[in-house]
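> Sharing a structure below in C-alpha cells format, with a few things to ask.
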Amino acid sequence: MKRQAGHLITTLLLVAAALGSAMIGGCTVRGAAAELMDNSSGFRTHIETARERVRAHRNFQTQNPDGEVEWNIPFELRPATPTTKAILLVHGLGDSPWSFIDVAHDLANRGYVVRTLLLPGHGTKPADLIGIRLEDWQRLVGEQIRLLQMEFADVWLGGFSTGANLVLDHALGDPHIRGLVLFSPAFRSNEIFDWATPWLVHVKPWLLSPERHPLQSPLRYHIVPTNGLAQFYRSSVAVRKHLRHRTFDRPAILVLAEHDSVVDVHHVRHLFKCRFTHAASRLIWYGNIPPEATPSSRILVRTDALPQQRISQFSHMGILFSPDNALYGRHGSERICFNGQTDEATARCQSGEPVWYSDWDYREPGKVHARLTFNPYFDWQSQVIQDVLNSTEDVAARIPAAFAPACR
C-alpha cells in the first residue's frame, strides 16, 4: 500500500483535468461486485463458494494449485472440547485468510472456535478488486458474525489492517460482541493524500503499473488497483467517524509496530488511550518506548530492533506469524524480496544470500533487507491476547470517563 500511495502526488497533478471530466460524465466503477459477493446462508457454503471461485479465477503462482487454493480460502478450527466461545478473524487488503493461520491455531488451542472469511475481490487476482465496494465487505462480515452469534454465546472479533477497521466498525454498533483483537489496525494511513483515491479510481485504475511490478504471491497480493486503496480509505473514514462520538468499553487488544509503513500508528495509539476505555484493554507496541508508557500503563512495549536476529525493525504484516511458520517463519520458504530495495539488492535477496529484515522501503548501507514476515515475540504476544480474552466485561473494569483523556 505504501509504495502505491507514494505515487499519489504526481498522479494528482497529472489527472486533475481528467478527473473533472470523469465527474461530469458520472462514470462509476462497479464491475462484478454483485457476483463476487457471497450471500451464503452458512459458513460451510461460504467455504465451498470461495473454493470454487478461487479455483476458477485465480492466477496461480506455483506448480501447487491445490495448495494455493487452500491457502486462500476461509477455514474453521475447533478446540478439542465443546465451548461457548468463538472468534471471527478478518484479513486485510490484499491478504488471505491464511494470514491468521498461527493466530487461529493458538486461539483454538486455548478453547475458541475460530473462523476466517474471504473478502470479495481477494484470493484470485488483484484486478478482481476493481468494482468492489466497502459495502460488499461490510455485508459479508455482518453475515458471518450473525451466523457465529447463532451458534455461540461469547463471540469476539479480530482483524488485521483493513480487517481491523471492518470488525471495529461492526462492534461499535453491536453490544453483543464481547471484545476485539486488532493487528496493525489501519484507522488512519501514513499517506496524507489517501483521500484522493476514491476520485482517482475514475481515471487511474492502477497507481503502479501491473505490467511492471509483481502482482501477487501464493499467499497475498503485492499491489492492488486504485479501487482497493479507495475502499480501504473509506473503511478508515468510517471508523474515525464513529470513534469521534463513541468509545469501545469492552476488552480489546491492539498490536502495533512503530515503524509500520502503512498505518499512522501514533494516531492509533492516541485513539487507544482515549477511546478504548476498558481497564483490561492492552496495546502491544513494538518499537521505542512511547512517552506515556509507564510501568502501570496499559501499553506494553518490546523493542523492534533485534540485530542479533538480523532484524532492523518490525513490519506491518510480520506481527501475525510465528517464527516457526513453515512459509513465513525464520526458515520459511516464502521470502518477500519485493521490499522497496534497489534492483541489485532485490536480486541478491532472490538469490538466497543472507538478508536483514524490515518493513517496506527501509534501507541501510551495506545491508539487503527482505520483509520481516515473522514475530520473535509471538508466544509472549499470544499470552497477552489470552489475558485480555480472559478479562470480564463489568462496569468496574472500565476506566472512569473523568480519567480518560480527551480525544481530538
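Note on naming: chains are A, B, ... as they come in the C-alpha cells, residues start from 1 per chain, ligands start from 1 in the order shown.
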What's the 8 Å shell around range 218-224 of chain A, counting only C-alpha atoms, without same-chain residues fewer than 2 positions away, as a VMD selection string?
chain A and resid 1 4 60 to 62 68 71 to 72 94 to 96 98 123 125 to 127 129 206 208 210 213 to 216 226 to 229
> So which residues touch His242 in chain A within 10 Å, counting only C-alpha atoms, skipping near sequence neighbours fewer than 3 positions away, as a PDB file with N, CA, C and O atoms, in the first residue's frame?

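Final output, saved to result13.pdb:
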```
ATOM      1  N   LEU A 168     -14.088  -3.489  13.932  1.00  0.00           N
ATOM      2  CA  LEU A 168     -14.363  -2.429  14.893  1.00  0.00           C
ATOM      3  C   LEU A 168     -15.622  -1.663  14.494  1.00  0.00           C
ATOM      4  O   LEU A 168     -16.465  -1.352  15.346  1.00  0.00           O
ATOM      5  N   ASP A 169     -15.764  -1.372  13.212  1.00  0.00           N
ATOM      6  CA  ASP A 169     -16.944  -0.666  12.732  1.00  0.00           C
ATOM      7  C   ASP A 169     -18.216  -1.428  13.108  1.00  0.00           C
ATOM      8  O   ASP A 169     -19.194  -0.836  13.557  1.00  0.00           O
ATOM      9  N   LEU A 172     -18.753  -1.538  17.205  1.00  0.00           N
ATOM     10  CA  LEU A 172     -19.220  -0.303  17.821  1.00  0.00           C
ATOM     11  C   LEU A 172     -20.742  -0.211  17.819  1.00  0.00           C
ATOM     12  O   LEU A 172     -21.329   0.456  18.667  1.00  0.00           O
ATOM     13  N   GLY A 173     -21.385  -0.901  16.878  1.00  0.00           N
ATOM     14  CA  GLY A 173     -22.835  -0.892  16.817  1.00  0.00           C
ATOM     15  C   GLY A 173     -23.491  -2.167  17.289  1.00  0.00           C
ATOM     16  O   GLY A 173     -24.714  -2.303  17.193  1.00  0.00           O
ATOM     17  N   VAL A 237     -12.153   5.960   7.222  1.00  0.00           N
ATOM     18  CA  VAL A 237     -13.003   7.120   7.495  1.00  0.00           C
ATOM     19  C   VAL A 237     -14.201   6.716   8.345  1.00  0.00           C
ATOM     20  O   VAL A 237     -14.579   7.415   9.297  1.00  0.00           O
ATOM     21  N   ALA A 238     -14.793   5.567   8.020  1.00  0.00           N
ATOM     22  CA  ALA A 238     -15.957   5.101   8.781  1.00  0.00           C
ATOM     23  C   ALA A 238     -15.605   4.874  10.243  1.00  0.00           C
ATOM     24  O   ALA A 238     -16.360   5.262  11.152  1.00  0.00           O
ATOM     25  N   VAL A 239     -14.451   4.282  10.507  1.00  0.00           N
ATOM     26  CA  VAL A 239     -14.034   4.030  11.887  1.00  0.00           C
ATOM     27  C   VAL A 239     -13.786   5.337  12.627  1.00  0.00           C
ATOM     28  O   VAL A 239     -14.238   5.528  13.761  1.00  0.00           O
ATOM     29  N   HIS A 245     -17.454   9.986  18.272  1.00  0.00           N
ATOM     30  CA  HIS A 245     -18.578  10.167  19.187  1.00  0.00           C
ATOM     31  C   HIS A 245     -18.787   8.982  20.135  1.00  0.00           C
ATOM     32  O   HIS A 245     -19.672   9.034  20.979  1.00  0.00           O
ATOM     33  N   ARG A 246     -18.007   7.934  19.992  1.00  0.00           N
ATOM     34  CA  ARG A 246     -18.227   6.740  20.805  1.00  0.00           C
ATOM     35  C   ARG A 246     -16.915   6.260  21.405  1.00  0.00           C
ATOM     36  O   ARG A 246     -15.828   6.575  20.914  1.00  0.00           O
ATOM     37  N   THR A 247     -17.048   5.465  22.458  1.00  0.00           N
ATOM     38  CA  THR A 247     -15.914   4.724  22.985  1.00  0.00           C
ATOM     39  C   THR A 247     -16.209   3.233  22.855  1.00  0.00           C
ATOM     40  O   THR A 247     -17.360   2.826  22.731  1.00  0.00           O
TER      41      THR A 247
END
```
> Determine, counting only C-alpha atoms, which protein, DNA and RNA residues have an atom within 12 Å of an atom of Gly287 in chain A; residues of the same chain fewer than 6 positions away are not included. Present the result as a list in words.
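Final neighbour list, sorted by chain and number: Val255, Leu256, Ala257, Glu258, His259, Asp260, Val265, His266, Ala293, Ile299, Leu300, Val301, Arg302, Thr303, Asp304, Ala305, Leu306, Ile311, Ser312, Gln313, Phe314 and Ser315 of chain A.
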> Write out as a ChimeraX atom specification all residues of range 53-177 of chain A that backbone DSSP assigns to helix (DSSP H, G or I).
/A:53-57,65-71,97-109,126-129,134-151,162-171
> In Å to one decimal, how far is CA of Trp360 in chain A from CA of Gly340 in chain A?
5.9 Å
